[in-house]
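Quick look at work15.cif (mmCIF, C-alpha atoms):
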```cif
data_entry
loop_
_atom_site.group_PDB
_atom_site.id
_atom_site.type_symbol
_atom_site.label_atom_id
_atom_site.label_comp_id
_atom_site.auth_asym_id
_atom_site.auth_seq_id
_atom_site.Cartn_x
_atom_site.Cartn_y
_atom_site.Cartn_z
ATOM 1 C CA MET V 946 -47.782 9.848 3.975
ATOM 2 C CA LYS V 947 -45.155 10.667 1.333
ATOM 3 C CA ARG V 948 -47.614 9.713 -1.403
ATOM 4 C CA LYS V 949 -50.265 11.997 0.059
ATOM 5 C CA ILE V 950 -47.848 14.924 0.204
ATOM 6 C CA PHE V 951 -46.623 14.195 -3.324
ATOM 7 C CA SER V 952 -50.211 13.975 -4.585
ATOM 8 C CA LEU V 953 -51.101 17.231 -2.884
ATOM 9 C CA LEU V 954 -48.073 18.985 -4.408
ATOM 10 C CA LEU V 955 -48.896 17.558 -7.831
ATOM 11 C CA LEU V 956 -52.485 18.807 -7.588
ATOM 12 C CA LEU V 957 -51.241 22.193 -6.441
ATOM 13 C CA CYS V 958 -48.888 22.396 -9.439
ATOM 14 C CA LEU V 959 -51.692 21.436 -11.799
ATOM 15 C CA PHE V 960 -53.988 24.027 -10.228
ATOM 16 C CA ILE V 961 -51.355 26.760 -10.494
ATOM 17 C CA GLY V 962 -50.632 25.807 -14.102
ATOM 18 C CA VAL V 963 -54.297 25.930 -15.018
ATOM 19 C CA SER V 964 -55.240 29.075 -13.121
ATOM 20 C CA ALA V 965 -52.205 31.194 -14.009
ATOM 21 C CA GLN V 966 -52.128 33.218 -17.188
ATOM 22 C CA GLY V 967 -49.037 31.891 -18.905
ATOM 23 C CA ASP V 968 -45.483 31.509 -17.726
ATOM 24 C CA GLY V 969 -43.960 34.629 -19.237
ATOM 25 C CA TYR V 970 -43.088 33.018 -22.557
ATOM 26 C CA LEU V 971 -44.842 33.990 -25.765
ATOM 27 C CA GLN V 972 -46.630 31.542 -27.989
ATOM 28 C CA LYS V 973 -46.112 31.475 -31.741
ATOM 29 C CA ASN V 974 -47.681 28.743 -33.864
ATOM 30 C CA GLY V 975 -48.335 26.760 -30.678
ATOM 31 C CA LYS V 976 -44.680 26.847 -29.566
ATOM 32 C CA ARG V 977 -43.178 28.770 -26.666
ATOM 33 C CA ILE V 978 -40.645 31.416 -27.605
ATOM 34 C CA PHE V 979 -38.492 33.698 -25.489
ATOM 35 C CA LEU V 980 -39.275 37.362 -26.097
ATOM 36 C CA ILE V 981 -36.549 39.466 -27.665
ATOM 37 C CA GLY V 982 -38.319 42.744 -28.229
ATOM 38 C CA SER V 983 -37.687 46.242 -29.442
ATOM 39 C CA TYR V 984 -39.466 49.432 -28.476
ATOM 40 C CA TYR V 985 -38.332 50.709 -31.874
ATOM 41 C CA LEU V 986 -40.341 49.605 -34.908
ATOM 42 C CA PRO V 987 -38.495 50.660 -38.066
ATOM 43 C CA THR V 988 -40.620 52.275 -40.753
ATOM 44 C CA ASP V 989 -38.287 50.898 -43.407
ATOM 45 C CA ASP V 990 -39.045 47.276 -44.360
ATOM 46 C CA ALA V 991 -35.365 46.458 -44.996
ATOM 47 C CA ALA V 992 -34.422 47.664 -41.500
ATOM 48 C CA LEU V 993 -37.279 45.657 -39.972
ATOM 49 C CA LYS V 994 -36.181 42.528 -41.837
ATOM 50 C CA GLU V 995 -32.602 43.085 -40.630
ATOM 51 C CA MET V 996 -33.764 43.276 -37.004
ATOM 52 C CA ILE V 997 -35.867 40.123 -37.406
ATOM 53 C CA ASN V 998 -32.878 38.315 -38.912
ATOM 54 C CA ALA V 999 -30.792 39.469 -35.931
ATOM 55 C CA GLY V 1000 -33.231 37.704 -33.574
ATOM 56 C CA PHE V 1001 -35.875 40.253 -32.628
ATOM 57 C CA ASN V 1002 -39.273 38.549 -32.454
ATOM 58 C CA SER V 1003 -41.504 41.261 -31.051
ATOM 59 C CA PHE V 1004 -41.914 44.988 -31.592
ATOM 60 C CA ARG V 1005 -43.870 47.723 -29.856
ATOM 61 C CA CYS V 1006 -46.799 48.766 -32.026
ATOM 62 C CA GLY V 1007 -49.227 51.623 -31.911
ATOM 63 C CA SER V 1008 -51.926 50.490 -34.284
ATOM 64 C CA LYS V 1009 -53.605 47.689 -36.177
ATOM 65 C CA GLU V 1010 -51.619 48.766 -39.239
ATOM 66 C CA ASP V 1011 -48.360 48.134 -37.349
ATOM 67 C CA LEU V 1012 -49.599 44.659 -36.426
ATOM 68 C CA ASP V 1013 -50.659 44.000 -40.033
ATOM 69 C CA ARG V 1014 -47.146 44.887 -41.151
ATOM 70 C CA LEU V 1015 -45.538 42.600 -38.571
ATOM 71 C CA GLN V 1016 -47.852 39.784 -39.611
ATOM 72 C CA LYS V 1017 -46.544 40.072 -43.176
ATOM 73 C CA PHE V 1018 -43.032 39.566 -41.807
ATOM 74 C CA GLY V 1019 -44.082 36.590 -39.684
ATOM 75 C CA THR V 1020 -43.314 38.255 -36.378
ATOM 76 C CA GLN V 1021 -45.302 39.668 -33.470
ATOM 77 C CA GLY V 1022 -45.867 42.860 -31.582
ATOM 78 C CA TRP V 1023 -47.221 44.254 -28.387
ATOM 79 C CA ILE V 1024 -49.596 47.146 -27.873
ATOM 80 C CA PRO V 1025 -49.449 49.655 -25.001
ATOM 81 C CA ILE V 1026 -52.876 50.361 -23.572
ATOM 82 C CA PRO V 1027 -53.895 53.025 -21.007
ATOM 83 C CA LEU V 1028 -55.067 50.709 -18.255
ATOM 84 C CA ALA V 1029 -54.650 53.268 -15.463
ATOM 85 C CA GLU V 1030 -57.480 55.360 -16.926
ATOM 86 C CA GLY V 1031 -59.939 52.511 -16.435
ATOM 87 C CA VAL V 1032 -62.557 51.243 -18.867
ATOM 88 C CA THR V 1033 -62.986 54.280 -21.087
ATOM 89 C CA LYS V 1034 -64.588 54.664 -24.507
ATOM 90 C CA ASN V 1035 -61.111 55.077 -26.016
ATOM 91 C CA LEU V 1036 -59.810 51.910 -24.348
ATOM 92 C CA LYS V 1037 -62.789 49.911 -25.600
ATOM 93 C CA LYS V 1038 -62.415 51.266 -29.133
ATOM 94 C CA PHE V 1039 -58.658 50.667 -29.299
ATOM 95 C CA VAL V 1040 -58.721 47.208 -27.716
ATOM 96 C CA GLY V 1041 -61.620 46.247 -29.968
ATOM 97 C CA SER V 1042 -59.618 47.277 -33.022
ATOM 98 C CA VAL V 1043 -56.722 44.901 -32.271
ATOM 99 C CA ALA V 1044 -58.059 42.126 -29.998
ATOM 100 C CA GLY V 1045 -57.624 38.778 -31.681
ATOM 101 C CA HIS V 1046 -55.091 40.039 -34.220
ATOM 102 C CA PRO V 1047 -52.781 37.154 -35.191
ATOM 103 C CA ALA V 1048 -49.637 39.292 -34.750
ATOM 104 C CA LEU V 1049 -50.596 40.576 -31.297
ATOM 105 C CA ALA V 1050 -48.429 38.830 -28.716
ATOM 106 C CA ILE V 1051 -49.101 40.693 -25.463
ATOM 107 C CA TRP V 1052 -50.804 43.735 -24.011
ATOM 108 C CA GLU V 1053 -48.572 46.324 -22.337
ATOM 109 C CA GLY V 1054 -49.823 48.269 -19.362
ATOM 110 C CA PRO V 1055 -48.464 51.520 -17.938
ATOM 111 C CA ASP V 1056 -44.750 51.748 -17.286
ATOM 112 C CA GLU V 1057 -43.710 51.853 -13.623
ATOM 113 C CA LEU V 1058 -47.216 52.581 -12.383
ATOM 114 C CA ILE V 1059 -46.410 52.184 -8.666
ATOM 115 C CA TRP V 1060 -43.076 53.975 -8.894
ATOM 116 C CA ASN V 1061 -44.806 56.999 -10.378
ATOM 117 C CA PHE V 1062 -47.062 57.608 -7.378
ATOM 118 C CA THR V 1063 -44.649 56.526 -4.651
ATOM 119 C CA ALA V 1064 -40.932 57.114 -5.268
ATOM 120 C CA ASN V 1065 -40.681 59.109 -8.495
ATOM 121 C CA SER V 1066 -38.341 62.055 -7.864
ATOM 122 C CA GLY V 1067 -40.704 64.247 -9.889
ATOM 123 C CA LEU V 1068 -43.191 64.094 -7.034
ATOM 124 C CA TYR V 1069 -40.767 66.300 -5.094
ATOM 125 C CA ARG V 1070 -38.815 68.089 -7.804
ATOM 126 C CA ASP V 1071 -41.540 68.943 -10.330
ATOM 127 C CA LEU V 1072 -44.967 68.448 -8.782
ATOM 128 C CA LYS V 1073 -44.080 69.570 -5.224
ATOM 129 C CA ILE V 1074 -46.296 66.820 -3.801
ATOM 130 C CA HIS V 1075 -43.536 65.586 -1.494
ATOM 131 C CA LYS V 1076 -42.119 68.208 0.853
ATOM 132 C CA SER V 1077 -38.627 66.719 0.930
ATOM 133 C CA LYS V 1078 -36.329 64.813 -1.392
ATOM 134 C CA GLY V 1079 -36.671 61.047 -0.895
ATOM 135 C CA ALA V 1080 -39.896 61.444 1.107
ATOM 136 C CA TRP V 1081 -41.165 58.012 0.030
ATOM 137 C CA TRP V 1082 -37.976 56.258 1.186
ATOM 138 C CA LYS V 1083 -38.235 58.027 4.536
ATOM 139 C CA LEU V 1084 -41.916 56.999 4.705
ATOM 140 C CA SER V 1085 -42.901 60.555 5.467
ATOM 141 C CA PRO V 1086 -46.578 60.797 6.432
ATOM 142 C CA GLU V 1087 -47.490 62.949 3.393
ATOM 143 C CA ALA V 1088 -45.784 60.537 0.974
ATOM 144 C CA VAL V 1089 -47.505 57.511 2.501
ATOM 145 C CA LYS V 1090 -50.859 59.337 2.503
ATOM 146 C CA TYR V 1091 -50.455 60.438 -1.120
ATOM 147 C CA ALA V 1092 -49.565 56.908 -2.264
ATOM 148 C CA LYS V 1093 -52.568 55.449 -0.437
ATOM 149 C CA GLU V 1094 -54.921 58.033 -1.958
ATOM 150 C CA GLN V 1095 -53.540 57.434 -5.444
ATOM 151 C CA SER V 1096 -53.777 53.664 -5.146
ATOM 152 C CA GLU V 1097 -57.421 53.917 -4.056
ATOM 153 C CA VAL V 1098 -58.169 55.751 -7.316
ATOM 154 C CA ILE V 1099 -55.806 53.970 -9.719
ATOM 155 C CA MET V 1100 -56.008 50.323 -8.638
ATOM 156 C CA PRO V 1101 -59.754 49.810 -9.189
ATOM 157 C CA LYS V 1102 -59.408 51.453 -12.613
ATOM 158 C CA ILE V 1103 -56.458 49.315 -13.679
ATOM 159 C CA ASN V 1104 -58.029 46.100 -12.396
ATOM 160 C CA ASN V 1105 -61.323 46.878 -14.162
ATOM 161 C CA ALA V 1106 -59.469 47.710 -17.377
ATOM 162 C CA ILE V 1107 -57.467 44.448 -17.226
ATOM 163 C CA ALA V 1108 -60.690 42.502 -16.614
ATOM 164 C CA TYR V 1109 -62.281 44.234 -19.594
ATOM 165 C CA VAL V 1110 -59.326 43.452 -21.895
ATOM 166 C CA ARG V 1111 -59.409 39.807 -20.834
ATOM 167 C CA SER V 1112 -63.174 39.663 -21.418
ATOM 168 C CA VAL V 1113 -62.889 40.761 -25.064
ATOM 169 C CA ASP V 1114 -59.554 39.179 -26.008
ATOM 170 C CA PRO V 1115 -60.305 35.849 -27.720
ATOM 171 C CA ASN V 1116 -56.657 34.785 -27.278
ATOM 172 C CA ASN V 1117 -56.469 35.532 -23.530
ATOM 173 C CA LEU V 1118 -53.074 37.205 -23.994
ATOM 174 C CA GLN V 1119 -50.963 38.197 -21.047
ATOM 175 C CA VAL V 1120 -50.952 41.759 -19.750
ATOM 176 C CA TRP V 1121 -47.396 42.857 -19.002
ATOM 177 C CA ILE V 1122 -46.583 45.797 -16.781
ATOM 178 C CA ASN V 1123 -43.004 46.975 -16.299
ATOM 179 C CA GLU V 1124 -42.336 48.039 -12.746
ATOM 180 C CA ALA V 1125 -39.238 49.325 -11.027
ATOM 181 C CA GLY V 1126 -37.408 46.562 -9.182
ATOM 182 C CA ILE V 1127 -37.636 48.459 -5.911
ATOM 183 C CA SER V 1128 -41.269 49.479 -6.249
ATOM 184 C CA ASP V 1129 -43.493 48.819 -3.261
ATOM 185 C CA MET V 1130 -44.635 45.207 -3.599
ATOM 186 C CA GLY V 1131 -47.712 45.847 -1.472
ATOM 187 C CA TYR V 1132 -49.063 48.060 -4.237
ATOM 188 C CA VAL V 1133 -47.775 45.859 -7.068
ATOM 189 C CA ARG V 1134 -49.635 42.933 -5.505
ATOM 190 C CA GLN V 1135 -52.884 44.901 -5.928
ATOM 191 C CA TYR V 1136 -52.764 44.574 -9.717
ATOM 192 C CA ILE V 1137 -51.006 41.236 -10.178
#
```
Do you think you could lay out the structure here as structure tokens?
Amino acid sequence: MKRKIFSLLLLLCLFIGVSAQGDGYLQKNGKRIFLIGSYYLPTDDAALKEMINAGFNSFRCGSKEDLDRLQKFGTQGWIPIPLAEGVTKNLKKFVGSVAGHPALAIWEGPDELIWNFTANSGLYRDLKIHKSKGAWWKLSPEAVKYAKEQSEVIMPKINNAIAYVRSVDPNNLQVWINEAGISDMGYVRQYI
């Protein structure tokens, strides 16, 4: 019985390892590395070299030219892509211009996607969508309804865009999305 359970757990671990898309570590020259990244990419080569020497191994990029520059320095970068808009002409063009680039480490999706249509204070303060401050945390009917409506529009788009990126990326890189720690996990689960 113990052997059967052990075998089942081993198979489950193998299945998870094969079906999952990475373990959160980056790959460089076939070796796993821990990401130490910077949203700031210096325009000055001396400043970039100084950051690399200090331990930074990934930088946020906006173009193929940024990735070309990082490649010359032997480091990597990530590219933000507008996944929440779905599979648009612009997404296809941009992803096509950088997919497979040797310095591209990961794809970056929208920042705090769920937070922005559930708990963002701007929904009350600026956009007047919520009728009261903290409406999401009180689970007011209009806040819950708004979040549901938004997710029905956004989630199919983001999932289709992720599928598209994975279909054209020869390196099958991970798609990372930063989300607020207290974002609604029911919605986060829809794009994981």
Could you tell me which of V:Leu1072, V:Ala1044, V:Leu986, V:Met1100 comes closest to Val1113 of chain V if we count only C-alpha atoms?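 Result for the nearest residue to Val1113 of chain V: V:Ala1044.
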Quick one: which residues end up in the PyMOL selection byres ((chain V and resi 1032) around 6) for this structure, as a PyMOL selection string? chain V and resi 1031+1033+1106
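Across the model, the gap from atom CA of Pro1047 of chain V to atom CA of Gln1016 of chain V is 7.1 Å.
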If you count all atoms listed in the file, the residue of V:Ile1059, V:Val1120, V:Ser1066, V:Lys1009 closest to Ser1042 of chain V turns out to be V:Lys1009
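When all atoms listed in the file are used to measure the gap to Gly1045 of chain V, the shortest distance among V:Val1133, V:Ile997, V:Leu1118, V:Leu1015 belongs to V:Leu1118.
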Quick one: distance from atom CA of Leu993 of chain V to atom CA of Thr1020 of chain V in Å, one decimal?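 Computing the Euclidean distance for atom CA of Leu993 of chain V and atom CA of Thr1020 of chain V yields 10.2 Å.
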Please indicate the distance in Å from atom CA of Lys1090 of chain V to atom CA of Thr1063 of chain V, rounded to one decimal place.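 One can read the atom CA of Lys1090 of chain V to atom CA of Thr1063 of chain V distance as 9.9 Å.
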Got a sec to resolve the PyMOL selection byres ((chain V and resi 1082) around 12) on this structure and send the residues as a list in words?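 On this input, the PyMOL selection byres ((chain V and resi 1082) around 12) captures Trp1060, Thr1063, Ala1064, Asn1065, Ser1066, His1075, Ser1077, Lys1078, Gly1079, Ala1080, Trp1081, Lys1083, Leu1084, Ser1085, Pro1086, Glu1087, Ala1088, Val1089, Ile1127, Ser1128 and Asp1129 of chain V.
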Smallest atom-to-atom distance to Leu1036 of chain V: which of V:Asn1105, V:Glu1097, V:Ala1048, V:Lys973, using all atoms listed in the file? V:Asn1105
